[in-house]
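Asks: Data: upload00.txt, compact mmCIF, C-alpha atoms.
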# COMPACT_ATOMS: atom_id res chain seq x y z
CA MET A 23 7.10 38.26 25.95
CA THR A 24 8.54 37.94 22.45
CA GLN A 25 12.07 36.76 21.73
CA ALA A 26 12.99 40.28 20.63
CA GLU A 27 11.71 41.74 23.91
CA THR A 28 13.57 39.08 25.89
CA LEU A 29 16.80 39.88 24.05
CA THR A 30 16.38 43.62 24.55
CA ASN A 31 15.72 43.15 28.25
CA ASP A 32 18.72 40.85 28.60
CA TYR A 33 21.04 43.44 27.03
CA ALA A 34 19.57 46.24 29.13
CA ALA A 35 20.06 44.20 32.32
CA ALA A 36 23.70 43.68 31.34
CA GLY A 37 24.27 47.42 31.03
CA PHE A 38 23.94 47.94 27.27
CA GLY A 39 21.73 50.42 25.46
CA GLY A 40 22.55 53.75 27.10
CA ARG A 41 21.31 56.89 25.38
CA LEU A 42 23.21 59.49 23.38
CA ALA A 43 21.91 63.04 23.12
CA PHE A 44 21.33 64.67 19.75
CA GLY A 45 23.75 67.57 19.59
CA ASN A 46 23.61 71.21 18.57
CA ARG A 47 25.43 70.96 15.25
CA PRO A 48 24.34 67.89 13.20
CA ALA A 49 25.26 66.77 9.70
CA LEU A 50 23.76 64.18 7.38
CA LEU A 51 26.20 61.48 6.25
CA ILE A 52 25.03 59.31 3.35
CA VAL A 53 27.22 56.22 2.99
CA ASP A 54 27.68 54.66 -0.47
CA VAL A 55 24.23 55.25 -1.91
CA VAL A 56 25.48 54.44 -5.40
CA MET A 57 24.31 52.47 -8.41
CA ALA A 58 26.15 49.27 -7.43
CA TYR A 59 23.40 48.59 -4.88
CA LEU A 60 20.54 49.80 -7.07
CA ASP A 61 21.25 48.33 -10.51
CA PRO A 62 20.03 44.70 -10.88
CA ALA A 63 22.97 44.07 -13.22
CA SER A 64 25.42 44.66 -10.37
CA PRO A 65 26.76 41.77 -8.21
CA LEU A 66 26.13 44.05 -5.21
CA TYR A 67 22.49 44.76 -6.07
CA ALA A 68 20.52 44.73 -2.82
CA GLY A 69 16.96 45.70 -3.69
CA VAL A 70 17.11 48.85 -1.59
CA GLU A 71 14.98 51.22 -3.65
CA SER A 72 12.69 52.13 -0.74
CA GLU A 73 15.74 53.16 1.29
CA LEU A 74 16.80 55.39 -1.61
CA ALA A 75 13.45 57.19 -1.37
CA ALA A 76 14.02 57.70 2.37
CA ASN A 77 17.42 59.23 1.65
CA GLU A 78 15.85 61.61 -0.86
CA ARG A 79 13.47 62.85 1.83
CA LEU A 80 16.30 63.32 4.31
CA VAL A 81 18.42 65.28 1.85
CA ALA A 82 15.50 67.58 1.06
CA ALA A 83 14.89 68.15 4.77
CA ALA A 84 18.58 68.74 5.49
CA ARG A 85 18.79 71.31 2.71
CA THR A 86 15.72 73.12 4.04
CA ALA A 87 17.19 73.11 7.56
CA GLY A 88 20.64 74.24 6.42
CA VAL A 89 22.23 71.09 7.83
CA PRO A 90 25.52 70.07 6.12
CA ILE A 91 25.37 66.99 3.89
CA MET A 92 28.22 64.55 3.23
CA PHE A 93 28.18 61.76 0.66
CA THR A 94 30.61 58.86 0.38
CA ASN A 95 31.47 56.73 -2.60
CA VAL A 96 34.04 54.02 -3.35
CA GLU A 97 36.71 54.00 -6.04
CA TYR A 98 39.64 51.67 -6.67
CA GLU A 99 42.61 51.74 -8.95
CA PRO A 100 42.36 49.10 -11.72
CA GLY A 101 43.20 45.79 -10.09
CA GLY A 102 42.32 47.09 -6.64
CA LEU A 103 45.86 47.86 -5.47
CA ASN A 104 44.60 50.56 -3.09
CA GLY A 105 41.88 48.28 -1.72
CA GLY A 106 44.25 46.00 0.17
CA LEU A 107 42.82 42.98 1.96
CA PHE A 108 39.25 44.32 1.82
CA TYR A 109 39.33 44.19 -1.98
CA ARG A 110 40.70 40.64 -1.86
CA LYS A 111 38.09 39.51 0.67
CA VAL A 112 35.13 40.87 -1.33
CA PRO A 113 35.70 40.24 -5.07
CA ALA A 114 32.42 42.05 -5.88
CA LEU A 115 34.25 45.31 -5.07
CA LYS A 116 35.65 45.15 -8.58
CA ALA A 117 32.40 46.97 -9.44
CA PHE A 118 34.01 50.09 -7.97
CA GLU A 119 37.11 50.23 -10.14
CA ARG A 120 37.67 53.67 -11.62
CA GLY A 121 35.35 54.43 -14.52
CA SER A 122 32.68 51.89 -13.61
CA PRO A 123 29.12 53.22 -13.82
CA MET A 124 28.34 51.25 -10.66
CA GLY A 125 30.21 53.81 -8.60
CA ALA A 126 27.99 56.68 -9.74
CA PHE A 127 25.42 58.37 -7.53
CA PRO A 128 21.80 57.75 -8.57
CA PRO A 129 20.30 60.65 -10.56
CA SER A 130 17.79 61.36 -7.81
CA LEU A 131 20.47 61.68 -5.10
CA GLU A 132 23.47 63.49 -6.48
CA PRO A 133 25.62 65.84 -4.39
CA ALA A 134 24.99 69.55 -4.88
CA THR A 135 27.45 72.42 -4.82
CA GLY A 136 28.63 72.78 -1.24
CA ASP A 137 28.11 69.16 -0.26
CA MET A 138 31.20 67.19 0.74
CA VAL A 139 32.04 64.00 -1.18
CA VAL A 140 34.36 61.53 0.55
CA THR A 141 35.89 58.87 -1.68
CA LYS A 142 36.94 55.84 0.31
CA GLN A 143 38.43 52.37 -0.20
CA TYR A 144 37.52 50.69 3.08
CA PRO A 145 34.25 50.16 4.97
CA SER A 146 34.37 53.15 7.31
CA ALA A 147 33.90 56.64 5.91
CA PHE A 148 36.55 57.75 8.41
CA PHE A 149 39.34 55.30 7.58
CA GLY A 150 42.04 56.94 5.47
CA THR A 151 39.89 60.01 4.71
CA PRO A 152 39.78 63.64 5.96
CA LEU A 153 36.21 63.26 7.22
CA ALA A 154 36.88 63.49 10.97
CA SER A 155 39.11 66.56 10.75
CA THR A 156 36.65 68.28 8.42
CA LEU A 157 33.72 67.63 10.75
CA HIS A 158 35.65 68.78 13.82
CA ALA A 159 36.75 71.96 12.04
CA ASP A 160 33.10 72.71 11.23
CA GLY A 161 31.98 72.12 14.81
CA ILE A 162 29.85 69.07 13.94
CA ASP A 163 28.92 67.02 17.00
CA THR A 164 26.23 64.64 15.66
CA LEU A 165 25.80 62.57 12.51
CA LEU A 166 22.59 61.26 11.00
CA ILE A 167 23.95 58.21 9.17
CA THR A 168 22.27 56.41 6.27
CA GLY A 169 23.27 54.20 3.37
CA TYR A 170 24.41 50.81 2.17
CA SER A 171 25.05 48.33 3.49
CA THR A 172 23.83 48.33 7.07
CA SER A 173 26.00 45.37 8.11
CA GLY A 174 29.12 46.69 6.37
CA CYS A 175 29.94 50.31 5.65
CA VAL A 176 27.11 51.85 7.69
CA ARG A 177 28.04 49.90 10.80
CA ALA A 178 31.77 50.57 10.37
CA THR A 179 31.07 54.27 9.92
CA ALA A 180 28.79 54.46 12.95
CA LEU A 181 31.43 52.82 15.14
CA ASP A 182 34.17 55.15 13.93
CA ALA A 183 31.88 58.16 14.36
CA LEU A 184 31.48 57.21 18.01
CA CYS A 185 35.22 56.68 18.41
CA HIS A 186 35.93 60.12 16.89
CA GLY A 187 33.51 61.84 19.25
CA PHE A 188 30.46 62.30 17.01
CA ALA A 189 27.09 61.04 18.25
CA PRO A 190 25.89 58.57 15.58
CA PHE A 191 22.17 58.50 14.82
CA VAL A 192 21.52 55.70 12.32
CA VAL A 193 18.30 56.16 10.34
CA ARG A 194 16.70 52.72 10.16
CA ASP A 195 14.48 53.34 7.12
CA ALA A 196 17.31 54.94 5.14
CA CYS A 197 19.79 52.06 5.58
CA GLY A 198 19.63 48.92 3.47
CA ASP A 199 21.13 45.46 3.25
CA ARG A 200 20.73 42.54 0.90
CA ASP A 201 18.83 40.46 3.46
CA PRO A 202 16.55 41.41 6.38
CA ARG A 203 18.42 39.18 8.83
CA PRO A 204 21.76 41.04 8.86
CA GLN A 205 19.79 44.27 8.56
CA GLU A 206 17.89 43.70 11.81
CA GLN A 207 20.77 42.04 13.64
CA ASN A 208 23.11 44.94 12.95
CA LEU A 209 20.57 47.62 13.77
CA PHE A 210 19.98 45.88 17.11
CA ASP A 211 23.71 45.66 17.79
CA MET A 212 24.36 49.29 16.86
CA GLN A 213 21.58 50.47 19.17
CA ALA A 214 22.95 48.36 22.00
CA LYS A 215 26.60 49.32 21.67
CA MET A 216 27.46 52.33 19.52
CA ALA A 217 24.58 54.42 18.16
CA GLU A 218 21.03 55.61 18.40
CA VAL A 219 18.85 53.89 15.78
CA VAL A 220 15.96 56.17 14.81
CA SER A 221 13.06 56.05 12.36
CA LEU A 222 12.81 58.23 9.28
CA ASP A 223 10.03 60.25 10.89
CA ASP A 224 12.14 60.85 13.99
CA ALA A 225 15.13 61.90 11.86
CA LEU A 226 12.98 64.32 9.88
CA GLY A 227 11.72 65.76 13.15
CA LEU A 228 15.28 66.24 14.41
CA LEU A 229 16.19 68.07 11.20
CA ARG A 230 13.14 70.34 11.49
CA ARG A 231 14.21 71.16 15.02
CA HIS A 232 17.46 72.57 13.67
CA GLN A 233 15.90 74.64 10.92
CA ALA A 234 16.72 78.31 11.26
CA PRO A 235 13.69 80.54 11.93
CA GLY A 236 12.25 82.11 8.77
Do you think you could lay out the structure here as structure tokens?
Replies:
Amino acid sequence: MTQAETLTNDYAAAGFGGRLAFGNRPALLIVDVVMAYLDPASPLYAGVESELAANERLVAAARTAGVPIMFTNVEYEPGGLNGGLFYRKVPALKAFERGSPMGAFPPSLEPATGDMVVTKQYPSAFFGTPLASTLHADGIDTLLITGYSTSGCVRATALDALCHGFAPFVVRDACGDRDPRPQEQNLFDMQAKMAEVVSLDDALGLLRRHQAPG
């Protein structure tokens, strides 16, 4: 038995890793897929180009299925006054001050008319934003969650999704981090405690399942 299998079995024996059902009204939530993580000139560059391609496929599938799409980005006042302690803890967040090109969406993954854009200042897409109330008003019960970074804003968003009553389905291949170790550790932890972690193929299949006939 491998170490990974031993760890999984240990968590399961302790009562972790229950299953959440995919609901009847899903949405796709893309967390901070912006140039700061894709431009090698950025201090936040994470080498996550393959995850960008996965997000492009998910957006195309969601549009075909008529599933709502939400994007998040990050923007701070000059000097980071509205970033509080998070801005002080992570000096690289200066890349998101208003007007910086690092806060832009990549050309291949820009929101379209009708998509919701949530601008945030803290890790979770729910903290200090109207996201939860908007989703509840639209009858959303499940979120396919993707984005950057897995150990930071994706994890924080998945936890808050659970706490707000939305089933979080984190798409492994569409989430990226700057190192494979926090990537795998956080995916494991999310699956054990707060979310369903699914492959890109599984997520695409779930979207096809919700496509309206014809």
Asks: Which of these, A:Pro90, A:Val140, A:Phe38, A:Asp54, has the shortest distance to Asp160 of chain A once you count only C-alpha atoms?
Replies: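 For Asp160 of chain A, the nearest of the given residues is A:Pro90.
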Asks: Between A:Phe118, A:Tyr33, A:Phe108, A:Phe191, which one has atoms that come closest to Ser146 of chain A, using only C-alpha atoms?
Replies: A:Phe108
Asks: Work out how far apart atom CA of Pro48 of chain A and atom CA of Leu131 of chain A are and give it in Å to one decimal.
Replies: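 Computing it gives 19.7 Å between the two atoms.
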Asks: Report, in Å with one decimal, the straight-line distance from atom CA of Met212 of chain A to atom CA of Phe149 of chain A.
Replies: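 One can read the atom CA of Met212 of chain A to atom CA of Phe149 of chain A distance as 18.6 Å.
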Asks: In Å, rounded to a single decimal, give me how far atom CA of Tyr98 of chain A is from atom CA of Ala58 of chain A.
Replies: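 So the answer is 13.7 Å.
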Asks: Just the residues within 12 Å of Pro152 of chain A, please, counting only C-alpha atoms, with nothing from its chain fewer than 3 positions along; format it as a PyMOL selection string.
Replies: chain A and resi 92+94+138-142+146-149+155-159
Asks: Pick from A:Leu115, A:Ala225, A:Ile162, A:Ala49: nearest to Tyr67 of chain A, with all atoms listed in the file counted?
Replies: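 For Tyr67 of chain A, the nearest of the given residues is A:Leu115.
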Asks: From the list A:Arg177, A:Arg120, A:Lys111, A:Arg231, which residue is nearest Gly198 of chain A when using all atoms listed in the file?
Replies: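 Distance minimum relative to Gly198 of chain A lands on A:Arg177.
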Asks: Can you work out which one of A:Val193, A:Ala87, A:Glu119, A:Phe210 has the shortest atom-to-atom distance to Gly101 of chain A, counting all atoms listed in the file?
Replies: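 That would be A:Glu119, the residue with the smallest distance to Gly101 of chain A.
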Asks: Go through A:Ile167, A:Val112, A:Ala154, A:Cys197 one by one, measure the shortest atom-to-atom distance of each to Cys185 of chain A using only C-alpha atoms, and give the residue with the smallest value.
Replies: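 Smallest distance to Cys185 of chain A is found for A:Ala154.
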Asks: In file coordinates, which residues lie within 12 Å of (25.0, 45.6, -13.0) using all atoms listed in the file, given as an MDAnalysis selection string?
Replies: chainID A and resid 56:68 114 116:118 122:126
Asks: For Leu165 of chain A, please output as a list in words all residues within 9 Å (counting only C-alpha atoms; exclusion window: fewer than 5 positions along the same chain).
Replies: Phe44, Gly45, Arg47, Pro48, Ala49, Leu50, Leu51, Ala180, Ala183, Phe188, Ala189, Pro190, Phe191 and Val192 of chain A
